$ cat coords.csv   # CSV, C-alpha atoms and all ligand atoms
chain,number,residue,atom,x,y,z
A,1,MET,CA,11.3,-21.8,-17.8
A,2,SER,CA,14.3,-20.0,-19.2
A,3,GLU,CA,15.3,-16.7,-17.7
A,4,THR,CA,15.7,-13.6,-19.9
A,5,SER,CA,16.0,-9.9,-19.2
A,6,PRO,CA,12.6,-8.6,-18.1
A,7,ARG,CA,11.2,-5.8,-20.3
A,8,ARG,CA,10.3,-2.4,-18.9
A,9,LEU,CA,6.7,-2.6,-17.8
A,10,ASP,CA,5.9,1.0,-18.7
A,11,GLU,CA,6.8,0.4,-22.3
A,12,HIS,CA,4.4,-2.5,-22.7
A,13,LEU,CA,1.2,-1.5,-20.9
A,14,PRO,CA,-1.2,-1.8,-23.9
A,15,ARG,CA,0.1,-5.4,-24.4
A,16,ILE,CA,-0.3,-6.3,-20.7
A,17,ARG,CA,-3.8,-4.8,-20.7
A,18,ARG,CA,-4.7,-6.9,-23.7
A,19,GLU,CA,-3.3,-10.1,-22.1
A,20,LEU,CA,-5.2,-9.6,-18.9
A,21,SER,CA,-8.4,-8.5,-20.3
A,22,GLY,CA,-9.4,-12.0,-21.5
A,23,ALA,CA,-9.7,-13.1,-17.9
A,24,SER,CA,-12.8,-13.2,-15.7
A,25,ARG,CA,-10.8,-12.4,-12.5
A,26,LEU,CA,-7.5,-11.0,-11.4
A,27,LEU,CA,-5.3,-12.5,-8.7
A,28,VAL,CA,-2.7,-9.9,-7.6
A,29,CYS,CA,0.1,-11.4,-5.5
A,30,LEU,CA,2.6,-9.1,-3.9
A,31,ASP,CA,5.9,-9.7,-2.1
A,32,PHE,CA,6.6,-7.4,0.8
A,33,ASP,CA,10.3,-6.3,1.3
A,34,GLY,CA,11.7,-4.6,-1.7
A,35,THR,CA,8.3,-4.6,-3.4
A,36,LEU,CA,5.6,-2.9,-1.2
A,37,ALA,CA,8.3,-1.7,1.3
A,38,PRO,CA,11.7,-0.1,0.3
A,39,ILE,CA,14.7,-2.1,1.5
A,40,VAL,CA,16.1,-0.6,4.7
A,41,GLU,CA,19.1,-1.4,6.9
A,42,GLU,CA,17.1,-2.6,9.9
A,43,PRO,CA,14.5,-5.3,9.1
A,44,THR,CA,12.2,-4.3,11.9
A,45,ASP,CA,12.0,-0.8,10.4
A,46,ALA,CA,10.6,-2.0,7.0
A,47,ALA,CA,7.2,-0.4,6.2
A,48,ALA,CA,5.0,-0.5,3.1
A,49,LEU,CA,4.8,2.8,1.1
A,50,GLU,CA,1.5,4.5,1.8
A,51,ALA,CA,0.8,4.6,-2.0
A,52,ASN,CA,1.2,0.8,-2.0
A,53,GLU,CA,-1.1,0.3,0.9
A,54,ARG,CA,-3.7,2.5,-0.9
A,55,GLY,CA,-3.2,0.6,-4.1
A,56,LEU,CA,-3.6,-2.8,-2.4
A,57,GLU,CA,-6.7,-1.5,-0.5
A,58,THR,CA,-8.3,-0.2,-3.7
A,59,LEU,CA,-7.7,-3.5,-5.6
A,60,ALA,CA,-8.9,-5.6,-2.6
A,61,SER,CA,-12.2,-3.7,-2.7
A,62,GLU,CA,-12.9,-4.6,-6.3
A,63,PRO,CA,-15.2,-7.6,-6.6
A,64,GLN,CA,-13.3,-9.1,-9.5
A,65,VAL,CA,-9.9,-9.0,-7.8
A,66,SER,CA,-8.3,-11.4,-5.2
A,67,THR,CA,-5.2,-10.2,-3.5
A,68,ALA,CA,-2.4,-12.1,-1.7
A,69,ILE,CA,0.8,-11.1,0.2
A,70,VAL,CA,3.5,-13.7,-0.4
A,71,SER,CA,6.5,-13.0,1.9
A,72,GLY,CA,9.7,-14.5,3.2
A,73,ARG,CA,8.8,-13.0,6.6
A,74,ALA,CA,7.0,-15.0,9.2
A,75,LEU,CA,3.2,-14.9,8.6
A,76,SER,CA,2.6,-13.3,12.0
A,77,ASP,CA,5.2,-10.6,11.2
A,78,VAL,CA,4.1,-9.6,7.7
A,79,ARG,CA,0.5,-9.6,8.8
A,80,THR,CA,1.2,-6.7,11.2
A,81,ARG,CA,3.0,-4.8,8.4
A,82,VAL,CA,0.4,-4.8,5.7
A,83,GLY,CA,-3.3,-5.3,6.0
A,84,GLY,CA,-6.3,-5.8,3.8
A,85,ALA,CA,-5.2,-8.7,1.5
A,86,ASP,CA,-7.5,-11.8,1.1
A,87,VAL,CA,-4.7,-14.3,1.5
A,88,TYR,CA,-1.3,-14.2,3.3
A,89,ALA,CA,1.7,-16.6,2.7
A,90,GLY,CA,4.6,-16.3,5.1
A,91,ASN,CA,8.1,-18.0,5.4
A,92,HIS,CA,8.4,-18.2,1.6
A,93,GLY,CA,5.1,-20.0,1.2
A,94,LEU,CA,5.6,-22.6,4.1
A,95,GLU,CA,2.6,-21.1,5.9
A,96,LEU,CA,-0.6,-19.9,4.3
A,97,GLU,CA,-3.6,-18.1,5.8
A,98,ARG,CA,-6.8,-18.5,3.7
A,99,ASP,CA,-10.4,-18.0,4.8
A,100,GLY,CA,-9.3,-17.4,8.4
A,101,SER,CA,-7.3,-20.6,8.9
A,102,VAL,CA,-3.5,-21.2,8.7
A,103,ALA,CA,-2.0,-24.2,7.0
A,104,VAL,CA,1.7,-25.0,7.7
A,105,HIS,CA,3.8,-27.3,5.5
A,106,PRO,CA,3.9,-30.5,7.5
A,107,ILE,CA,7.6,-31.3,6.9
A,108,ALA,CA,8.5,-27.7,7.7
A,109,ARG,CA,6.6,-28.0,11.0
A,110,THR,CA,8.6,-31.0,12.0
A,111,ARG,CA,11.9,-29.2,11.2
A,112,ALA,CA,11.1,-26.1,13.2
A,113,ALA,CA,13.0,-27.3,16.2
A,114,LEU,CA,16.1,-27.8,14.1
A,115,VAL,CA,15.7,-24.2,12.7
A,116,ASP,CA,15.5,-22.9,16.3
A,117,GLU,CA,18.6,-24.8,17.3
A,118,VAL,CA,20.5,-23.4,14.3
A,119,CYS,CA,19.3,-19.8,15.1
A,120,SER,CA,20.6,-20.2,18.7
A,121,ALA,CA,23.9,-21.6,17.6
A,122,LEU,CA,24.3,-18.7,15.0
A,123,GLU,CA,23.5,-16.1,17.7
A,124,THR,CA,26.5,-17.5,19.7
A,125,VAL,CA,28.9,-18.1,16.9
A,126,LEU,CA,28.3,-14.9,15.1
A,127,GLU,CA,28.2,-12.8,18.3
A,128,PRO,CA,31.8,-11.4,17.7
A,129,ILE,CA,31.0,-10.3,14.2
A,130,PRO,CA,29.7,-6.7,14.4
A,131,ARG,CA,26.1,-6.0,13.4
A,132,THR,CA,25.1,-9.5,12.4
A,133,ARG,CA,21.4,-10.1,13.1
A,134,ILE,CA,19.5,-13.4,13.3
A,135,GLU,CA,15.8,-13.3,12.6
A,136,ASN,CA,14.2,-16.5,13.9
A,137,LYS,CA,11.0,-17.0,12.0
A,138,ARG,CA,10.2,-20.4,13.4
A,139,LEU,CA,9.9,-22.3,10.1
A,140,THR,CA,12.9,-20.5,8.6
A,141,GLY,CA,15.7,-18.3,10.0
A,142,THR,CA,17.5,-15.3,8.4
A,143,VAL,CA,21.0,-14.2,9.0
A,144,HIS,CA,21.2,-10.5,8.1
A,145,THR,CA,24.5,-9.2,6.7
A,146,ARG,CA,23.4,-5.8,5.3
A,147,SER,CA,25.1,-3.9,8.2
A,148,VAL,CA,28.0,-6.3,8.5
A,149,PRO,CA,31.4,-4.9,7.3
A,150,ALA,CA,31.8,-6.2,3.7
A,151,ALA,CA,35.1,-7.9,4.5
A,152,LEU,CA,33.4,-10.0,7.1
A,153,ARG,CA,30.4,-11.2,5.1
A,154,PRO,CA,32.2,-14.2,3.6
A,155,VAL,CA,33.2,-15.3,7.2
A,156,VAL,CA,29.5,-15.1,8.1
A,157,GLY,CA,28.6,-17.3,5.1
A,158,ARG,CA,31.2,-19.9,6.0
A,159,LEU,CA,30.2,-20.1,9.7
A,160,ALA,CA,26.5,-20.3,8.8
A,161,GLU,CA,27.2,-23.1,6.3
A,162,ARG,CA,29.1,-25.1,8.9
A,163,ILE,CA,26.4,-24.7,11.5
A,164,VAL,CA,23.5,-25.6,9.2
A,165,ASP,CA,25.4,-28.7,8.0
A,166,ARG,CA,26.3,-29.8,11.5
A,167,ILE,CA,22.9,-29.3,13.1
A,168,GLY,CA,20.6,-29.7,10.1
A,169,GLY,CA,22.4,-32.6,8.3
A,170,GLY,CA,20.5,-33.0,5.0
A,171,ASP,CA,17.3,-31.7,6.6
A,172,LEU,CA,18.0,-28.0,6.4
A,173,VAL,CA,19.4,-25.9,3.6
A,174,LEU,CA,21.1,-22.5,3.4
A,175,SER,CA,20.2,-20.2,0.6
A,176,SER,CA,20.9,-16.5,-0.1
A,177,GLY,CA,18.8,-13.4,-0.8
A,178,LYS,CA,19.3,-9.7,-0.6
A,179,ARG,CA,22.1,-9.4,1.9
A,180,VAL,CA,20.7,-12.3,3.8
A,181,LEU,CA,21.3,-16.0,4.3
A,182,GLU,CA,18.1,-18.0,4.8
A,183,VAL,CA,18.0,-21.3,6.7
A,184,GLY,CA,15.0,-23.5,5.9
A,185,PRO,CA,13.9,-27.1,5.5
A,186,ALA,CA,15.4,-28.9,2.5
A,187,ILE,CA,12.1,-29.5,0.7
A,188,PRO,CA,11.0,-28.6,-2.8
A,189,TRP,CA,8.5,-26.0,-1.7
A,190,GLY,CA,8.5,-22.3,-2.2
A,191,LYS,CA,6.6,-19.2,-3.0
A,192,GLY,CA,5.6,-20.6,-6.4
A,193,ASN,CA,3.8,-23.6,-4.8
A,194,ALA,CA,2.0,-21.2,-2.5
A,195,VAL,CA,0.8,-19.1,-5.5
A,196,GLU,CA,-0.4,-22.2,-7.3
A,197,LEU,CA,-2.4,-23.2,-4.2
A,198,ILE,CA,-3.9,-19.7,-3.9
A,199,ALA,CA,-4.8,-19.7,-7.6
A,200,SER,CA,-6.4,-23.1,-7.4
A,201,ASP,CA,-9.1,-21.7,-5.2
A,202,LEU,CA,-10.1,-19.3,-8.0
A,203,PRO,CA,-12.0,-19.8,-11.3
A,204,ALA,CA,-9.8,-21.2,-14.1
A,205,GLU,CA,-10.2,-18.0,-16.1
A,206,THR,CA,-8.4,-16.0,-13.4
A,207,ALA,CA,-5.3,-14.1,-14.6
A,208,SER,CA,-2.5,-14.0,-12.0
A,209,VAL,CA,-0.1,-11.2,-11.5
A,210,TYR,CA,3.0,-11.5,-9.2
A,211,VAL,CA,5.2,-8.7,-8.2
A,212,GLY,CA,8.5,-9.4,-6.3
A,213,ASP,CA,12.1,-8.5,-6.1
A,214,ASP,CA,14.2,-11.3,-4.8
A,215,VAL,CA,15.5,-14.8,-5.5
A,216,THR,CA,12.6,-16.6,-3.8
A,217,ASP,CA,10.2,-14.7,-6.0
A,218,GLU,CA,11.5,-16.4,-9.1
A,219,SER,CA,9.5,-19.6,-8.4
A,220,ALA,CA,6.4,-17.4,-8.1
A,221,PHE,CA,7.1,-15.7,-11.5
A,222,GLN,CA,7.4,-19.2,-13.0
A,223,ALA,CA,4.0,-20.2,-11.4
A,224,VAL,CA,2.1,-17.3,-13.0
A,225,GLU,CA,3.9,-17.1,-16.4
A,226,PRO,CA,3.2,-17.4,-19.2
A,227,ALA,CA,-0.6,-17.2,-18.7
A,228,GLY,CA,-0.2,-14.5,-16.1
A,229,ILE,CA,2.3,-11.7,-15.6
A,230,GLY,CA,5.4,-11.6,-13.5
A,231,VAL,CA,6.9,-8.2,-12.6
A,232,ARG,CA,10.4,-8.0,-11.1
A,233,VAL,CA,11.2,-5.0,-9.0
A,234,GLY,CA,14.8,-4.1,-9.9
A,235,ASP,CA,17.2,-4.0,-12.8
A,236,SER,CA,17.3,-6.0,-16.0
A,237,ARG,CA,19.1,-9.0,-14.7
A,238,PRO,CA,17.7,-12.3,-16.1
A,239,SER,CA,14.5,-13.4,-14.4
A,240,ALA,CA,11.5,-15.6,-15.0
A,241,ALA,CA,9.4,-12.4,-14.9
A,242,SER,CA,8.6,-10.9,-18.2
A,243,TYR,CA,8.4,-7.4,-17.0
A,244,ARG,CA,10.2,-5.1,-14.5
A,245,VAL,CA,9.7,-1.9,-12.6
A,246,ARG,CA,12.5,0.0,-10.9
A,247,SER,CA,11.3,0.5,-7.3
A,248,PRO,CA,8.4,0.1,-4.8
A,249,GLU,CA,7.2,3.6,-5.9
A,250,HIS,CA,6.7,2.2,-9.4
A,251,VAL,CA,4.8,-0.8,-7.9
A,252,ALA,CA,2.3,1.8,-6.6
A,253,GLU,CA,1.9,3.2,-10.1
A,254,PHE,CA,1.4,-0.3,-11.5
A,255,LEU,CA,-1.3,-1.1,-8.9
A,256,GLU,CA,-3.1,2.1,-9.6
A,257,TRP,CA,-2.9,1.4,-13.4
A,258,LEU,CA,-4.3,-2.1,-12.9
A,259,ASP,CA,-7.3,-0.5,-11.1
A,260,SER,CA,-7.9,2.3,-13.4
A,261,GLU,CA,-7.0,0.8,-16.8
A,262,VAL,CA,-7.4,-3.0,-16.6
A,263,LEU,CA,-10.4,-3.8,-14.4
A,264,ASP,CA,-13.0,-2.4,-16.7
A,265,ALA,CA,-11.9,-4.9,-19.3
A,266,ILE,CA,-11.8,-7.9,-16.9
A,267,GLY,CA,-14.7,-10.3,-17.4
A,268,ARG,CA,-15.5,-9.2,-21.0
A,269,PRO,CA,-14.6,-11.6,-23.7
A,270,ILE,CA,-12.1,-10.3,-26.3
A,271,ASP,CA,-12.2,-10.8,-30.0
A,272,PRO,CA,-8.8,-12.4,-30.7
A,273,GLY,CA,-8.8,-11.1,-34.2
A,274,SER,CA,-9.1,-7.4,-33.5
A,275,ASP,CA,-7.6,-6.7,-30.1
A,276,THR,CA,-11.0,-5.1,-29.3
A,277,LEU,CA,-13.5,-6.2,-26.7
A,278,VAL,CA,-16.6,-7.7,-28.2
A,279,THR,CA,-20.1,-6.7,-27.1
A,280,THR,CA,-21.4,-8.7,-24.2
A,281,ALA,CA,-25.1,-9.4,-23.6
A,282,ALA,CA,-24.9,-7.2,-20.5
A,283,GLY,CA,-23.3,-4.1,-22.0
A,284,SER,CA,-22.0,-2.1,-24.9
A,285,PRO,CA,-18.6,-2.7,-26.6
A,286,ALA,CA,-15.6,-1.4,-24.6
A,287,PRO,CA,-12.7,-0.8,-27.0
A,288,ILE,CA,-9.3,-1.3,-25.5
A,289,GLU,CA,-7.1,0.7,-27.8
A,290,ARG,CA,-7.4,-0.5,-31.4
A,291,ARG,CA,-4.0,-1.2,-32.7
A,292,SER,CA,-2.7,-2.9,-35.8
A,293,SER,CA,0.0,-5.6,-35.5
A,294,SER,CA,2.6,-3.2,-37.0
A,295,GLN,CA,2.0,-1.0,-34.0
A,296,ALA,CA,2.6,-3.8,-31.5
A,297,ASP,CA,4.8,-2.7,-28.7
A,298,ASP,CA,7.2,-5.6,-28.7
A,301,LIG,O1,9.8,-12.1,0.6
A,301,LIG,P1,9.9,-10.8,1.2
A,301,LIG,O2,8.7,-10.3,1.8
A,301,LIG,O3,10.6,-9.8,0.3
A,301,LIG,O4,11.0,-11.1,2.4
A,301,LIG,C1,12.4,-11.4,2.1
A,301,LIG,C2,13.2,-11.1,3.3
A,301,LIG,O5,12.9,-9.7,3.6
A,301,LIG,C3,13.5,-9.1,4.8
A,301,LIG,O6,14.8,-8.9,4.5
A,301,LIG,C4,15.1,-8.0,3.5
A,301,LIG,O7,14.5,-6.7,3.9
A,301,LIG,C5,15.2,-6.1,5.0
A,301,LIG,C6,14.4,-4.8,5.3
A,301,LIG,O8,14.4,-4.0,4.2
A,301,LIG,C7,16.7,-5.8,4.6
A,301,LIG,O9,17.3,-5.3,5.7
A,301,LIG,C8,17.3,-7.2,4.2
A,301,LIG,O10,18.6,-7.0,3.8
A,301,LIG,C9,16.5,-7.8,3.1
A,301,LIG,O11,17.0,-9.1,2.7
A,301,LIG,C10,13.2,-10.0,6.0
A,301,LIG,O12,13.9,-9.4,7.1
A,301,LIG,C11,13.5,-11.5,5.8
A,301,LIG,O13,13.0,-12.2,6.8
A,301,LIG,C12,12.8,-11.9,4.5
A,301,LIG,O14,13.1,-13.3,4.3
$ encode --input "coords.csv" --output "C-alpha cells" --more "lines below"
Ligand SMILES: O=P(O)(O)OC[C@H]1O[C@H](O[C@H]2O[C@H](CO)[C@@H](O)[C@H](O)[C@H]2O)[C@H](O)[C@@H](O)[C@@H]1O
Amino acid sequence: MSETSPRRLDEHLPRIRRELSGASRLLVCLDFDGTLAPIVEEPTDAAALEANERGLETLASEPQVSTAIVSGRALSDVRTRVGGADVYAGNHGLELERDGSVAVHPIARTRAALVDEVCSALETVLEPIPRTRIENKRLTGTVHTRSVPAALRPVVGRLAERIVDRIGGGDLVLSSGKRVLEVGPAIPWGKGNAVELIASDLPAETASVYVGDDVTDESAFQAVEPAGIGVRVGDSRPSAASYRVRSPEHVAEFLEWLDSEVLDAIGRPIDPGSDTLVTTAAGSPAPIERRSSSQADD
C-alpha cells in the first residue's frame, strides 16, 4: 500500500461513521506509548491518560466491540500498564494473549537467547555513554537514546549495529523507532500480522480500527486499511493510515466519539444509495446524517 499524508480525523468524522456503520462489529486496536500514553523521557514512567483508560473501558463494555492493545513493550509490561482489553499483543506482535493463553512466535522464541546476549553486550559497551538505557524485553530489546546527548546518538547507533551483527549474524535485525533502536529476530512478522490474527477470530463483517504513532504501527495500518480505518497519532508525514490525530488527548476524544456516535449504527445494514441506514426488522430507521454527494467531506 502506498503512503500518503493522513487526513485530519476531525474533519472527516461523518465519512468515517458512514464507513464503519456497515459493519456488524468493531475491533478497536490501540498502541500504547505515544497513543494511550504520552511519550515521556523515562520509559518506566509511561502511563495511559485517564481519559484513554476510560474510553477503552467504555468500548470494552459494549457487546458489539472487541478491543486489543498492540504494543512494542513486553506483554507482561504493557499488561500492567493498561487493563480491560480483550486481547494483548506484546513485543510488536511476537507474543499474543487471547482467551487466557499466550502464543509466542516460535522463531522469536528460539532467538530470545541471542537477544539476551545482545542486551548484555550493549549494557557493557554503551556503559560509558551517558543516559543510555537498555530495555531487555526477552523477545526483543530496546536501546533508548531519548536522554542521550544528541551528539552521541550516532555513536550509539554504530555500536549497536556492530554488536547486533557480531552476535546475531543474520538472525537478528536492528530497526529504529521514536528515539529508540530495537533489536529483534529477522523474521517477517510484525504488529500487522498480529492484528490480522486477532481479526481472524471475529466475524467477517467486523470493521477494524487501529490507532498508533510509530514506525512499527505502519504494518498494522496496512492490515486494517482500506476496509477498516488507520489513525496515526502525530503530524502529517506520509503513512499507511488514512487519518491522523495530534496527541493521546485526541485519541481519547476519538474513543469517546466511537462510543457515542458510531456504535448505534453498527450492526444495521446501510442503503448504499442514500448514506442512510435502512429499517431493520428489529427496529426503526436510524438516519446517520443525510448528505448529498456535493456535501461530501473529501
Ligand atoms: O508499540 P508501543 O506500545 O508504542 O511501544 C513502542 C516502544 O515504546 C516505548 O518507548 C517509547 O516510549 C518511551 C516512554 O514514553 C520513550 O521514552 C521512548 O523514547 C519511546 O520510543 C517502550 O519503552 C519500548 O519498549 C517500545 O518498543
$ atom_distance --input "coords.csv" --atom1 "atom CA of Asp165 of chain A" --atom2 "atom O13 of ligand LIG 301 (chain A)"
20.7 Å
$ residues_near_ligand --input "coords.csv" --ligand "ligand LIG 301 (chain A)" --cutoff "7 Å" --atoms "all atoms listed in the file" --output "ChimeraX atom specification"
/A:31-35,38-46,70-73,91-92,135,142,144-146,177-180,182,212-214,216
$ residues_around --input "coords.csv" --residues "Thr132 of chain A" --least-positions-apart "2" --cutoff "8 Å" --atoms "only C-alpha atoms" --output "VMD selection string"
chain A and resid 126 to 127 129 to 130 134 143 to 145 147 to 148
$ residues_around --input "coords.csv" --residues "Ile107 of chain A" --least-positions-apart "4" --cutoff "9 Å" --atoms "only C-alpha atoms" --output "PyMOL selection string"
chain A and resi 111-112+185+187
$ write_last_selection --input "coords.csv" --atoms "C-alpha atoms" --output "PDB file, in the frame of the given file"
ATOM      1  CA  ARG A 111      11.900 -29.200  11.200  1.00  0.00           C
ATOM      2  CA  ALA A 112      11.100 -26.100  13.200  1.00  0.00           C
ATOM      3  CA  PRO A 185      13.900 -27.100   5.500  1.00  0.00           C
ATOM      4  CA  ILE A 187      12.100 -29.500   0.700  1.00  0.00           C
TER       5      ILE A 187
END
$ closest_residue --input "coords.csv" --among "A:Ser66, A:Ser2, A:Asn52, A:Thr140" --to "Glu225 of chain A" --atoms "all atoms listed in the file"
A:Ser2
$ atom_distance --input "coords.csv" --atom1 "atom CA of Leu20 of chain A" --atom2 "atom CA of Asp99 of chain A"
25.7 Å
$ residues_around --input "coords.csv" --residues "Phe221 of chain A" --least-positions-apart "2" --cutoff "7 Å" --atoms "all atoms listed in the file" --output "PyMOL selection string"
chain A and resi 210+217-219+223-225+230+240-241
$ residues_around --input "coords.csv" --residues "Asp171 of chain A" --least-positions-apart "3" --cutoff "12 Å" --atoms "all atoms listed in the file" --output "list in words"
Ile107, Ala108, Thr110, Arg111, Ala112, Ala113, Leu114, Val115, Val118, Val164, Asp165, Arg166, Ile167, Gly168, Leu174, Val183, Gly184, Pro185, Ala186, Ile187 and Pro188 of chain A
$ atom_distance --input "coords.csv" --atom1 "atom CA of Val209 of chain A" --atom2 "atom CA of Arg17 of chain A"
11.8 Å
$ closest_residue --input "coords.csv" --among "A:Leu56, A:Val82, A:Ala74, A:Leu94" --to "Asn136 of chain A" --atoms "only C-alpha atoms"
A:Ala74
$ closest_residue --input "coords.csv" --among "A:His105, A:Arg237, A:Arg138, A:Arg131" --to "Cys119 of chain A" --atoms "all atoms listed in the file"
A:Arg138
$ closest_residue --input "coords.csv" --among "A:Leu263, A:Arg15, A:Ile69, A:Gly234" --to "Arg98 of chain A" --atoms "all atoms listed in the file"
A:Ile69
$ closest_residue --input "coords.csv" --among "A:Ser236, A:Ser101, A:Thr58, A:Asn193" --to "Glu256 of chain A" --atoms "all atoms listed in the file"
A:Thr58
$ closest_residue --input "coords.csv" --among "A:Pro128, A:Leu27, A:Leu139, A:Leu181" --to "Pro63 of chain A" --atoms "all atoms listed in the file"
A:Leu27
$ decode --input "coords.csv" --residues "segment 235-251 of chain A" --atoms "N, CA and C atoms" --output "compact mmCIF listing (two decimals), in the first residue's frame"
# COMPACT_ATOMS: atom_id res chain seq x y z
N ASP A 235 1.98 13.99 13.23
CA ASP A 235 1.86 15.03 12.20
C ASP A 235 1.42 14.43 10.87
N SER A 236 1.60 15.21 9.80
CA SER A 236 1.07 14.79 8.51
C SER A 236 2.09 14.03 7.65
N ARG A 237 3.15 13.54 8.27
CA ARG A 237 4.12 12.76 7.49
C ARG A 237 3.43 11.57 6.83
N PRO A 238 3.91 11.15 5.65
CA PRO A 238 3.26 10.04 4.94
C PRO A 238 3.12 8.79 5.82
N SER A 239 2.00 8.13 5.67
CA SER A 239 1.69 6.96 6.49
C SER A 239 0.72 6.08 5.72
N ALA A 240 0.64 4.81 6.13
CA ALA A 240 -0.39 3.92 5.55
C ALA A 240 -1.74 4.19 6.21
N ALA A 241 -1.76 5.00 7.26
CA ALA A 241 -3.03 5.35 7.91
C ALA A 241 -3.71 6.46 7.10
N SER A 242 -5.01 6.39 6.99
CA SER A 242 -5.73 7.42 6.23
C SER A 242 -5.97 8.68 7.05
N TYR A 243 -5.98 8.52 8.37
CA TYR A 243 -6.35 9.65 9.22
C TYR A 243 -5.31 9.87 10.30
N ARG A 244 -5.37 11.06 10.88
CA ARG A 244 -4.43 11.36 11.96
C ARG A 244 -5.11 12.20 13.03
N VAL A 245 -4.60 12.04 14.25
CA VAL A 245 -4.94 12.94 15.35
C VAL A 245 -3.62 13.43 15.93
N ARG A 246 -3.68 14.54 16.69
CA ARG A 246 -2.43 15.16 17.10
C ARG A 246 -1.74 14.50 18.29
N SER A 247 -2.52 13.97 19.25
CA SER A 247 -1.89 13.57 20.51
C SER A 247 -2.76 12.53 21.22
N PRO A 248 -2.22 11.91 22.28
CA PRO A 248 -3.03 10.96 23.05
C PRO A 248 -4.33 11.58 23.59
N GLU A 249 -4.34 12.89 23.86
CA GLU A 249 -5.58 13.55 24.31
C GLU A 249 -6.65 13.42 23.22
N HIS A 250 -6.23 13.56 21.97
CA HIS A 250 -7.18 13.45 20.86
C HIS A 250 -7.60 12.01 20.61
N VAL A 251 -6.75 11.06 21.01
CA VAL A 251 -7.16 9.65 20.93
C VAL A 251 -8.37 9.44 21.84
